[in-house]
$ cat upload_10.csv   # CSV, C-alpha atoms and all ligand atoms
chain,number,residue,atom,x,y,z
A,245,MET,CA,-46.2,4.1,-165.5
A,246,THR,CA,-49.0,5.9,-167.3
A,247,LEU,CA,-51.5,3.4,-168.7
A,248,PRO,CA,-54.9,3.8,-170.4
A,249,HIS,CA,-56.8,3.2,-167.2
A,250,GLY,CA,-54.6,5.3,-164.9
A,251,ALA,CA,-51.2,5.9,-163.5
A,252,VAL,CA,-49.3,3.3,-161.5
A,253,GLU,CA,-46.6,4.2,-159.0
A,254,THR,CA,-43.6,1.8,-159.0
A,255,PRO,CA,-42.3,-0.4,-157.5
A,256,VAL,CA,-45.7,-2.1,-157.5
A,257,PHE,CA,-47.2,-5.4,-156.3
A,258,MET,CA,-50.0,-6.7,-158.5
A,259,PRO,CA,-52.7,-8.9,-156.8
A,260,VAL,CA,-53.6,-11.8,-159.0
A,261,GLY,CA,-57.2,-12.0,-160.2
A,262,THR,CA,-57.1,-15.3,-162.1
A,263,VAL,CA,-60.6,-15.4,-163.5
A,264,ALA,CA,-61.4,-11.6,-163.4
A,265,SER,CA,-61.7,-11.9,-159.6
A,266,VAL,CA,-59.1,-11.5,-156.9
A,267,LYS,CA,-60.4,-14.5,-154.9
A,268,ALA,CA,-62.7,-13.4,-152.0
A,269,VAL,CA,-62.2,-9.7,-152.5
A,270,PRO,CA,-64.8,-7.4,-154.2
A,271,GLN,CA,-63.5,-4.7,-156.4
A,272,HIS,CA,-64.5,-1.7,-154.1
A,273,LEU,CA,-62.3,-3.3,-151.3
A,274,LEU,CA,-59.4,-3.7,-153.8
A,275,GLU,CA,-59.7,0.1,-154.3
A,276,GLU,CA,-59.8,0.7,-150.6
A,277,LEU,CA,-56.6,-1.3,-150.2
A,278,ASN,CA,-55.1,0.9,-152.9
A,279,ALA,CA,-54.4,-1.9,-155.3
A,280,GLN,CA,-53.2,0.1,-158.4
A,281,ILE,CA,-53.2,-2.7,-161.0
A,282,ILE,CA,-54.3,-6.3,-161.0
A,283,LEU,CA,-53.2,-9.3,-163.1
A,284,SER,CA,-55.6,-11.6,-164.9
A,285,ASN,CA,-55.0,-14.9,-166.6
A,286,THR,CA,-55.6,-15.1,-170.3
A,287,TYR,CA,-55.8,-18.9,-170.4
A,288,HIS,CA,-58.6,-19.0,-167.8
A,289,LEU,CA,-60.6,-16.2,-169.3
A,290,TYR,CA,-60.2,-17.6,-172.8
A,291,LEU,CA,-61.8,-20.9,-171.6
A,292,ARG,CA,-64.4,-19.3,-169.4
A,293,PRO,CA,-66.3,-17.1,-170.1
A,294,GLY,CA,-64.4,-16.6,-173.4
A,295,HIS,CA,-62.6,-13.4,-174.6
A,296,GLU,CA,-65.3,-12.8,-177.3
A,297,LEU,CA,-68.0,-12.6,-174.6
A,298,ILE,CA,-65.8,-10.3,-172.5
A,299,ARG,CA,-65.2,-8.1,-175.6
A,300,ARG,CA,-69.0,-7.9,-176.2
A,301,MET,CA,-69.4,-6.8,-172.6
A,302,GLY,CA,-67.1,-3.9,-173.2
A,303,GLY,CA,-63.8,-5.5,-172.1
A,304,LEU,CA,-62.5,-6.8,-168.8
A,305,HIS,CA,-62.7,-3.4,-167.0
A,306,ARG,CA,-66.3,-2.9,-167.6
A,307,PHE,CA,-67.3,-6.5,-167.2
A,308,MET,CA,-65.8,-6.8,-163.7
A,309,SER,CA,-66.3,-3.1,-162.8
A,310,TRP,CA,-62.6,-2.5,-162.2
A,311,HIS,CA,-61.6,0.8,-163.7
A,312,ARG,CA,-57.9,0.8,-162.8
A,313,PRO,CA,-55.2,-0.9,-165.0
A,314,VAL,CA,-55.1,-4.6,-165.7
A,315,LEU,CA,-52.2,-6.7,-166.9
A,316,THR,CA,-52.8,-10.0,-168.6
A,317,ASP,CA,-50.3,-12.8,-168.9
A,318,SER,CA,-49.9,-14.5,-172.3
A,319,GLY,CA,-51.5,-17.8,-171.4
A,320,GLY,CA,-48.2,-19.5,-171.9
A,321,PHE,CA,-47.4,-20.2,-168.3
A,322,GLN,CA,-50.7,-22.0,-167.7
A,323,VAL,CA,-50.6,-23.9,-170.9
A,324,PHE,CA,-47.1,-25.1,-170.1
A,325,SER,CA,-48.3,-26.2,-166.7
A,326,LEU,CA,-50.6,-28.7,-168.5
A,327,ASN,CA,-47.7,-31.1,-168.9
A,328,GLU,CA,-49.6,-34.1,-170.2
A,329,LEU,CA,-52.2,-32.1,-172.1
A,330,ARG,CA,-50.1,-30.1,-174.6
A,331,LYS,CA,-48.1,-30.3,-177.8
A,332,VAL,CA,-45.6,-27.6,-178.7
A,333,THR,CA,-44.8,-26.8,-182.4
A,334,GLU,CA,-43.2,-23.8,-184.1
A,335,GLU,CA,-46.6,-22.5,-184.8
A,336,GLY,CA,-47.9,-22.6,-181.2
A,337,VAL,CA,-49.3,-24.9,-178.5
A,338,GLU,CA,-52.1,-27.4,-178.8
A,339,PHE,CA,-53.6,-28.2,-175.5
A,340,ARG,CA,-56.6,-29.7,-173.7
A,341,SER,CA,-58.8,-27.6,-171.5
A,342,HIS,CA,-58.5,-28.5,-167.8
A,343,LEU,CA,-62.2,-27.9,-167.6
A,344,ASP,CA,-63.7,-30.3,-170.2
A,345,GLY,CA,-60.8,-31.8,-172.1
A,346,GLY,CA,-61.7,-29.9,-175.2
A,347,LEU,CA,-58.9,-29.3,-177.7
A,348,HIS,CA,-57.6,-25.7,-178.2
A,349,PHE,CA,-54.7,-24.0,-179.9
A,350,PHE,CA,-52.7,-21.0,-178.8
A,351,SER,CA,-50.2,-19.2,-181.0
A,352,PRO,CA,-48.5,-15.8,-180.5
A,353,GLU,CA,-51.1,-14.2,-182.8
A,354,HIS,CA,-54.0,-15.8,-181.0
A,355,SER,CA,-52.7,-14.8,-177.6
A,356,MET,CA,-52.4,-11.2,-178.8
A,357,ASP,CA,-56.0,-11.3,-180.1
A,358,VAL,CA,-57.3,-12.7,-176.8
A,359,GLN,CA,-55.5,-10.2,-174.7
A,360,ILE,CA,-56.5,-7.3,-176.9
A,361,GLY,CA,-60.1,-8.6,-176.8
A,362,LEU,CA,-60.0,-8.7,-173.0
A,363,GLY,CA,-58.9,-5.0,-173.1
A,364,SER,CA,-55.8,-5.4,-171.1
A,365,ASP,CA,-53.6,-2.3,-170.4
A,366,ILE,CA,-50.4,-4.4,-170.4
A,367,VAL,CA,-50.3,-7.4,-172.8
A,368,MET,CA,-47.5,-10.0,-172.4
A,369,ALA,CA,-45.7,-11.6,-175.3
A,370,PHE,CA,-46.4,-15.3,-175.9
A,371,ASP,CA,-43.4,-17.2,-174.6
A,372,GLU,CA,-42.4,-20.7,-173.6
A,373,CYS,CA,-41.7,-20.9,-169.9
A,374,THR,CA,-38.7,-23.2,-169.7
A,375,GLU,CA,-39.1,-25.9,-167.1
A,376,TYR,CA,-36.7,-26.4,-164.2
A,377,PRO,CA,-34.4,-28.1,-164.3
A,378,ALA,CA,-33.6,-28.0,-168.0
A,379,GLU,CA,-30.4,-29.1,-169.8
A,380,TYR,CA,-28.5,-26.4,-171.6
A,381,THR,CA,-29.5,-27.6,-175.1
A,382,ARG,CA,-33.1,-27.7,-174.1
A,383,ALA,CA,-33.0,-24.2,-172.6
A,384,ARG,CA,-31.3,-23.0,-175.8
A,385,LYS,CA,-34.0,-24.4,-178.0
A,386,SER,CA,-36.8,-23.1,-175.8
A,387,LEU,CA,-35.3,-19.6,-175.8
A,388,ASP,CA,-35.0,-19.6,-179.6
A,389,LEU,CA,-38.6,-20.4,-179.9
A,390,THR,CA,-39.5,-17.7,-177.3
A,391,LEU,CA,-37.6,-15.1,-179.3
A,392,ARG,CA,-39.3,-16.0,-182.6
A,393,TRP,CA,-42.6,-15.9,-180.8
A,394,ALA,CA,-41.7,-12.5,-179.3
A,395,GLU,CA,-41.2,-11.1,-182.9
A,396,ARG,CA,-44.5,-12.7,-184.0
A,397,SER,CA,-46.3,-11.3,-180.9
A,398,LYS,CA,-45.0,-7.8,-181.6
A,399,ARG,CA,-45.8,-7.8,-185.2
A,400,HIS,CA,-49.4,-9.0,-184.6
A,401,PHE,CA,-49.9,-6.7,-181.6
A,402,ASP,CA,-48.7,-3.6,-183.5
A,403,ALA,CA,-51.2,-4.4,-186.3
A,404,HIS,CA,-54.1,-5.0,-184.0
A,405,LYS,CA,-53.6,-3.0,-180.8
A,406,HIS,CA,-56.2,-0.4,-181.8
A,407,GLU,CA,-58.9,-3.1,-181.7
A,408,VAL,CA,-59.4,-2.8,-177.9
A,409,PRO,CA,-63.0,-2.9,-176.6
A,410,TRP,CA,-62.7,0.4,-174.8
A,411,GLY,CA,-62.9,4.0,-176.1
A,412,ALA,CA,-62.0,7.5,-174.9
A,413,GLU,CA,-65.0,7.5,-172.4
A,414,ASP,CA,-63.5,4.6,-170.5
A,415,ILE,CA,-60.1,6.1,-170.0
A,416,SER,CA,-59.3,7.8,-166.7
A,417,PRO,CA,-58.0,11.3,-167.1
A,418,GLY,CA,-54.4,10.9,-165.8
A,419,PRO,CA,-51.7,13.4,-164.9
A,420,ALA,CA,-50.2,13.0,-168.3
A,421,PRO,CA,-51.9,12.7,-171.7
A,422,CYS,CA,-51.9,9.0,-172.4
A,423,ASP,CA,-52.1,6.8,-175.4
A,424,LEU,CA,-55.4,4.9,-175.7
A,425,ARG,CA,-53.5,1.8,-176.8
A,426,PRO,CA,-52.3,-1.0,-174.6
A,427,SER,CA,-48.6,-1.8,-174.2
A,428,LEU,CA,-46.8,-5.1,-175.1
A,429,PHE,CA,-44.0,-6.3,-172.8
A,430,GLY,CA,-41.3,-8.7,-173.9
A,431,ILE,CA,-40.3,-11.7,-171.6
A,432,VAL,CA,-36.8,-12.7,-171.0
A,433,GLN,CA,-36.4,-16.5,-170.7
A,434,GLY,CA,-33.2,-18.6,-170.9
A,435,GLY,CA,-33.6,-21.0,-168.0
A,436,MET,CA,-31.0,-20.7,-165.3
A,437,TYR,CA,-28.2,-20.0,-167.8
A,438,GLN,CA,-26.7,-16.5,-167.6
A,439,ASP,CA,-25.4,-16.4,-171.2
A,440,LEU,CA,-28.9,-17.3,-172.5
A,441,ARG,CA,-30.5,-14.7,-170.2
A,442,ARG,CA,-28.1,-12.1,-171.6
A,443,GLU,CA,-28.8,-13.0,-175.2
A,444,ALA,CA,-32.6,-12.9,-174.5
A,445,ALA,CA,-32.3,-9.5,-172.9
A,446,GLU,CA,-30.2,-8.1,-175.8
A,447,ARG,CA,-32.5,-9.5,-178.5
A,448,LEU,CA,-35.7,-8.2,-176.8
A,449,VAL,CA,-34.1,-4.8,-176.3
A,450,GLU,CA,-33.3,-4.7,-180.0
A,451,MET,CA,-37.0,-5.4,-180.7
A,452,ASP,CA,-37.8,-2.3,-178.5
A,453,PHE,CA,-40.6,-3.1,-176.2
A,454,PRO,CA,-42.1,-0.5,-173.8
A,455,GLY,CA,-41.4,-2.8,-170.8
A,456,TYR,CA,-39.6,-6.1,-170.1
A,457,ALA,CA,-40.4,-9.0,-167.8
A,458,ILE,CA,-38.1,-11.7,-166.4
A,459,GLY,CA,-40.0,-14.9,-166.7
A,460,GLY,CA,-39.3,-18.5,-166.0
A,461,LEU,CA,-38.5,-18.0,-162.3
A,462,SER,CA,-40.3,-19.4,-159.3
A,463,VAL,CA,-40.5,-22.7,-161.2
A,464,GLY,CA,-39.0,-24.8,-158.4
A,465,GLU,CA,-35.4,-23.5,-158.4
A,466,PRO,CA,-33.8,-22.6,-155.1
A,467,ARG,CA,-34.4,-19.0,-154.0
A,468,GLU,CA,-30.7,-18.1,-154.1
A,469,LEU,CA,-30.7,-19.0,-157.9
A,470,THR,CA,-33.8,-16.8,-158.4
A,471,ARG,CA,-32.0,-13.9,-156.8
A,472,GLU,CA,-28.9,-14.5,-158.9
A,473,ILE,CA,-30.8,-14.6,-162.2
A,474,ILE,CA,-32.6,-11.4,-161.3
A,475,ALA,CA,-29.4,-9.7,-160.2
A,476,GLU,CA,-27.6,-10.6,-163.4
A,477,THR,CA,-30.5,-10.0,-165.9
A,478,LEU,CA,-31.8,-6.7,-164.5
A,479,PRO,CA,-28.8,-4.5,-165.5
A,480,LEU,CA,-29.2,-5.8,-169.1
A,481,LEU,CA,-32.7,-4.2,-169.3
A,482,PRO,CA,-33.3,-0.4,-169.8
A,483,LYS,CA,-33.6,1.4,-166.5
A,484,ASP,CA,-36.1,3.9,-167.9
A,485,LYS,CA,-38.6,1.2,-168.8
A,486,PRO,CA,-40.7,-0.9,-166.4
A,487,ARG,CA,-38.9,-4.1,-165.4
A,488,TYR,CA,-41.2,-6.9,-164.2
A,489,VAL,CA,-40.3,-10.1,-162.4
A,490,MET,CA,-43.2,-12.6,-162.9
A,491,GLY,CA,-44.6,-14.8,-160.1
A,492,VAL,CA,-42.6,-13.7,-157.0
A,493,GLY,CA,-42.6,-13.9,-154.0
A,494,TYR,CA,-42.6,-13.8,-150.2
A,495,PRO,CA,-42.8,-10.3,-148.5
A,496,ASP,CA,-39.0,-10.2,-147.8
A,497,GLU,CA,-38.3,-11.2,-151.4
A,498,ILE,CA,-40.4,-8.5,-153.0
A,499,VAL,CA,-38.7,-5.9,-150.9
A,500,GLU,CA,-35.3,-7.3,-151.8
A,501,TYR,CA,-36.1,-7.4,-155.6
A,502,ALA,CA,-37.6,-3.9,-155.5
A,503,GLU,CA,-34.5,-2.6,-153.9
A,504,MET,CA,-32.5,-4.2,-156.7
A,505,GLY,CA,-34.5,-2.2,-159.2
A,506,VAL,CA,-37.5,-4.4,-160.0
A,507,ASP,CA,-40.6,-2.2,-160.8
A,508,MET,CA,-43.4,-4.8,-160.9
A,509,MET,CA,-44.1,-8.1,-159.3
A,510,ASP,CA,-47.1,-10.4,-159.0
A,511,CYS,CA,-47.8,-13.5,-157.0
A,512,VAL,CA,-50.7,-15.7,-155.8
A,513,LEU,CA,-49.0,-16.2,-152.5
A,514,PRO,CA,-50.8,-13.5,-150.3
A,515,THR,CA,-54.2,-14.6,-151.6
A,516,ARG,CA,-53.7,-18.3,-151.8
A,517,ALA,CA,-52.0,-18.5,-148.4
A,518,ALA,CA,-54.8,-16.5,-146.9
A,519,ARG,CA,-57.3,-19.1,-147.9
A,520,HIS,CA,-55.3,-21.7,-146.0
A,521,GLY,CA,-55.1,-19.5,-142.9
A,522,LEU,CA,-51.5,-18.3,-143.4
A,523,LEU,CA,-51.1,-14.6,-142.5
A,524,PHE,CA,-48.1,-12.4,-143.3
A,525,THR,CA,-47.4,-10.0,-140.5
A,526,SER,CA,-44.7,-7.6,-139.2
A,527,GLU,CA,-43.8,-10.4,-136.8
A,528,GLY,CA,-43.5,-13.1,-139.5
A,529,ARG,CA,-45.9,-15.8,-140.7
A,530,LEU,CA,-48.8,-16.7,-138.6
A,531,ASN,CA,-50.9,-19.8,-139.0
A,532,ILE,CA,-54.2,-18.5,-137.7
A,533,LYS,CA,-55.6,-22.0,-137.4
A,534,ASN,CA,-53.2,-22.7,-134.5
A,535,ARG,CA,-54.9,-23.6,-131.2
A,536,ARG,CA,-52.8,-21.0,-129.4
A,537,PHE,CA,-54.9,-18.2,-131.0
A,538,ALA,CA,-58.2,-19.6,-129.6
A,539,GLU,CA,-58.5,-16.8,-127.0
A,540,ASP,CA,-56.1,-14.3,-128.4
A,541,GLN,CA,-57.7,-10.8,-128.3
A,542,ASN,CA,-54.9,-9.2,-130.3
A,543,PRO,CA,-55.3,-8.1,-133.9
A,544,PRO,CA,-53.7,-10.4,-136.5
A,545,ASP,CA,-50.8,-7.9,-136.8
A,546,PRO,CA,-50.5,-5.2,-134.2
A,547,GLU,CA,-48.5,-3.0,-136.6
A,548,CYS,CA,-51.0,-3.2,-139.4
A,549,GLN,CA,-53.4,-0.4,-140.2
A,550,CYS,CA,-55.7,-2.5,-142.4
A,551,MET,CA,-59.5,-2.7,-142.1
A,552,VAL,CA,-59.2,-6.3,-140.6
A,553,CYS,CA,-56.6,-5.6,-138.0
A,554,GLY,CA,-58.5,-2.5,-136.9
A,555,ARG,CA,-61.5,-4.5,-136.1
A,556,TYR,CA,-61.1,-8.2,-135.6
A,557,SER,CA,-59.1,-10.5,-133.2
A,558,ARG,CA,-57.0,-13.5,-133.9
A,559,ALA,CA,-59.4,-15.5,-131.8
A,560,TYR,CA,-62.3,-14.6,-134.2
A,561,LEU,CA,-60.3,-15.3,-137.4
A,562,ARG,CA,-59.2,-18.6,-135.9
A,563,HIS,CA,-62.9,-19.4,-135.2
A,564,LEU,CA,-63.9,-18.5,-138.8
A,565,MET,CA,-61.2,-20.9,-140.2
A,566,ALA,CA,-62.2,-23.7,-137.8
A,567,SER,CA,-65.9,-23.2,-138.8
A,568,GLN,CA,-64.9,-23.0,-142.5
A,569,GLU,CA,-66.8,-19.8,-142.9
A,570,PRO,CA,-66.4,-18.0,-146.3
A,571,LEU,CA,-65.7,-14.8,-144.3
A,572,ALA,CA,-62.4,-16.4,-143.2
A,573,ALA,CA,-61.0,-16.3,-146.7
A,574,VAL,CA,-62.3,-12.7,-147.1
A,575,LEU,CA,-60.7,-11.3,-144.0
A,576,ASN,CA,-57.5,-13.2,-144.3
A,577,THR,CA,-57.0,-12.2,-147.9
A,578,LEU,CA,-57.8,-8.5,-147.1
A,579,HIS,CA,-55.1,-8.5,-144.4
A,580,ASN,CA,-52.5,-10.3,-146.5
A,581,LEU,CA,-53.0,-8.0,-149.5
A,582,ALA,CA,-52.9,-4.9,-147.2
A,583,PHE,CA,-49.6,-6.2,-145.8
A,584,TYR,CA,-48.1,-6.7,-149.3
A,585,LEU,CA,-49.4,-3.4,-150.7
A,586,ASP,CA,-48.4,-1.5,-147.6
A,587,THR,CA,-44.9,-3.0,-147.7
A,588,MET,CA,-44.5,-1.7,-151.3
A,589,ARG,CA,-46.0,1.7,-150.4
A,590,ARG,CA,-43.5,2.2,-147.6
A,591,LEU,CA,-40.7,1.1,-149.9
A,592,ARG,CA,-41.8,3.7,-152.5
A,593,GLU,CA,-41.8,6.4,-149.9
A,594,ARG,CA,-38.3,5.4,-148.7
A,595,LEU,CA,-37.0,5.2,-152.3
A,596,GLU,CA,-38.4,8.6,-153.0
A,597,THR,CA,-36.7,10.3,-150.1
A,598,THR,CA,-33.3,8.5,-150.7
A,599,SER,CA,-33.3,8.9,-154.5
A,600,PRO,CA,-30.2,10.9,-155.6
A,601,SER,CA,-32.3,12.9,-158.1
A,602,LYS,CA,-34.4,14.4,-155.3
A,701,ZN,ZN,-54.0,-6.1,-141.3

$ encode --input "upload_10.csv" --output "structure tokens"
Amino acid sequence: MTLPHGAVETPVFMPVGTVASVKAVPQHLLEELNAQIILSNTYHLYLRPGHELIRRMGGLHRFMSWHRPVLTDSGGFQVFSLNELRKVTEEGVEFRSHLDGGLHFFSPEHSMDVQIGLGSDIVMAFDECTEYPAEYTRARKSLDLTLRWAERSKRHFDAHKHEVPWGAEDISPGPAPCDLRPSLFGIVQGGMYQDLRREAAERLVEMDFPGYAIGGLSVGEPRELTREIIAETLPLLPKDKPRYVMGVGYPDEIVEYAEMGVDMMDCVLPTRAARHGLLFTSEGRLNIKNRRFAEDQNPPDPECQCMVCGRYSRAYLRHLMASQEPLAAVLNTLHNLAFYLDTMRRLRERLETTSPSK
């Protein structure tokens, strides 16, 4: 993918930087880990520090000093997580801030304005994430709303996409000449119903987006069902455009989905688990808090080439967790992200050598 702030090799895993920060990891280390693109959350940044402030600071890239691509979600998923605090109408969603209880309103048009104001490279359409489980009639109604909102998102985005806070001087010179404008991706919903997923995919493809996401997964359904929905929906989306599965998954899942043809994934798992002392390694999951690591001189993952495994022992990481040192979160997160990003890098290399076109 060639984006305004640089090229991204796919399949790609995107670390989550909820409030313009991948928790515990400074931007220069994200670069060292070869993170190509990060995800930021529109809902959180809209509430604090506010998209207008970020726009005045020159956009998200300049504000956080991250000069590679950024994808923003639409705010929909977070707003819909506020079960008790929201009211959905045709026009949009009224919700109360989780910070101070203040009343706010998000519509497809407003979500586009916020994401454009943040200066995102990839903007996501405003959708309703259908809860799980959902009755057929409920999923049907929810999808119809998402499709109407997709049209409104696209219309407003096309009219305003030039209003990004960055200019030619902020754009990295890539291998191919690149449009200075962000891209808007459509999101396939439809709950766990294959006919609704098919209809969603067909309608969105008719609207002609430059990329497509499969949303509404990882919402509590069994993993087998997640896989099934991806397998059935993916072939309905154009192969020559990026296909993104939102909010997945464990290391073996992201490999499985990438092998099925998914180009982009994001998940809080490697960063969130790290802060709880859970490390993903070539030998499986490791709870570093475990007493059996107290005098273990080995690196967290003997197979891993990362800056943490090259330097620190399991015994030391366990001690940091036990002592509740902030460095524990930093080192654990660096390793987990390295593990995820490296898994995808190896996969890309393997796909490249086995690709029939090569
Ligand atoms: Zn490592």

$ residues_near_ligand --input "upload_10.csv" --ligand "ligand ZN 701 (chain A)" --cutoff "9 Å" --atoms "all atoms listed in the file" --output "list in words"
Phe524, Thr525, Pro543, Pro544, Asp545, Pro546, Glu547, Cys548, Gln549, Cys550, Met551, Val552, Cys553, Gly554, Leu575, Asn576, Leu578, His579, Asn580, Leu581, Ala582 and Phe583 of chain A

$ residues_around --input "upload_10.csv" --residues "A:Pro377" --least-positions-apart "2" --cutoff "9 Å" --atoms "only C-alpha atoms" --output "JSON, numbers by chain"
{"A": [374, 375, 379, 435, 436, 463, 464, 465]}

$ residues_around --input "upload_10.csv" --residues "A:Ile431" --least-positions-apart "3" --cutoff "10 Å" --atoms "all atoms listed in the file" --output "JSON, numbers by chain"
{"A": [368, 369, 370, 371, 372, 373, 390, 391, 394, 428, 434, 444, 445, 448, 453, 455, 456, 457, 458, 459, 460, 487, 488, 489, 490]}

$ residues_around --input "upload_10.csv" --residues "A:Gly345" --least-positions-apart "6" --cutoff "12 Å" --atoms "all atoms listed in the file" --output "count of residues only"
7

$ axis_aligned_box --input "upload_10.csv" --around "stretch 577-596 of chain A" --padding-each-side "8 Å" --output "lines of an AutoDock Vina configuration file"
center_x = -47.4
center_y = -1.8
center_z = -148.7
size_x = 36.8
size_y = 36.8
size_z = 24.6

$ closest_residue --input "upload_10.csv" --among "A:Thr577, A:Asn531, A:Thr470, A:Thr286" --to "A:Arg562" --atoms "all atoms listed in the file"
A:Asn531

$ atom_distance --input "upload_10.csv" --atom1 "atom CA of A:Trp310" --atom2 "atom CA of A:Ser355"
22.1 Å

$ atom_distance --input "upload_10.csv" --atom1 "atom CA of A:Arg300" --atom2 "atom CA of A:Val252"
27.0 Å

$ residues_around --input "upload_10.csv" --residues "A:Arg299" --least-positions-apart "6" --cutoff "7 Å" --atoms "all atoms listed in the file" --output "PyMOL selection string"
chain A and resi 361-362+409

$ atom_distance --input "upload_10.csv" --atom1 "atom CA of A:Arg590" --atom2 "atom CA of A:Ile366"
24.7 Å

$ closest_residue --input "upload_10.csv" --among "A:Val492, A:Val574, A:Leu304, A:Met245" --to "A:Ser427" --atoms "only C-alpha atoms"
A:Met245

$ residues_around --input "upload_10.csv" --residues "stretch 267-281 of chain A" --least-positions-apart "6" --cutoff "10 Å" --atoms "all atoms listed in the file" --output "number ranges by chain"
A: 247, 249-254, 256-261, 308-315, 365-366, 512, 515-516, 518-519, 550-551, 570-579, 581-586, 589

$ closest_residue --input "upload_10.csv" --among "A:Asp507, A:Met565, A:Ile474, A:Glu468" --to "A:Gly521" --atoms "all atoms listed in the file"
A:Met565

$ closest_residue --input "upload_10.csv" --among "A:Leu387, A:Leu347, A:Val506, A:Leu283" --to "A:Gln359" --atoms "only C-alpha atoms"
A:Leu283

$ closest_residue --input "upload_10.csv" --among "A:Leu440, A:Met588, A:Pro495, A:Arg594" --to "A:Thr381" --atoms "only C-alpha atoms"
A:Leu440
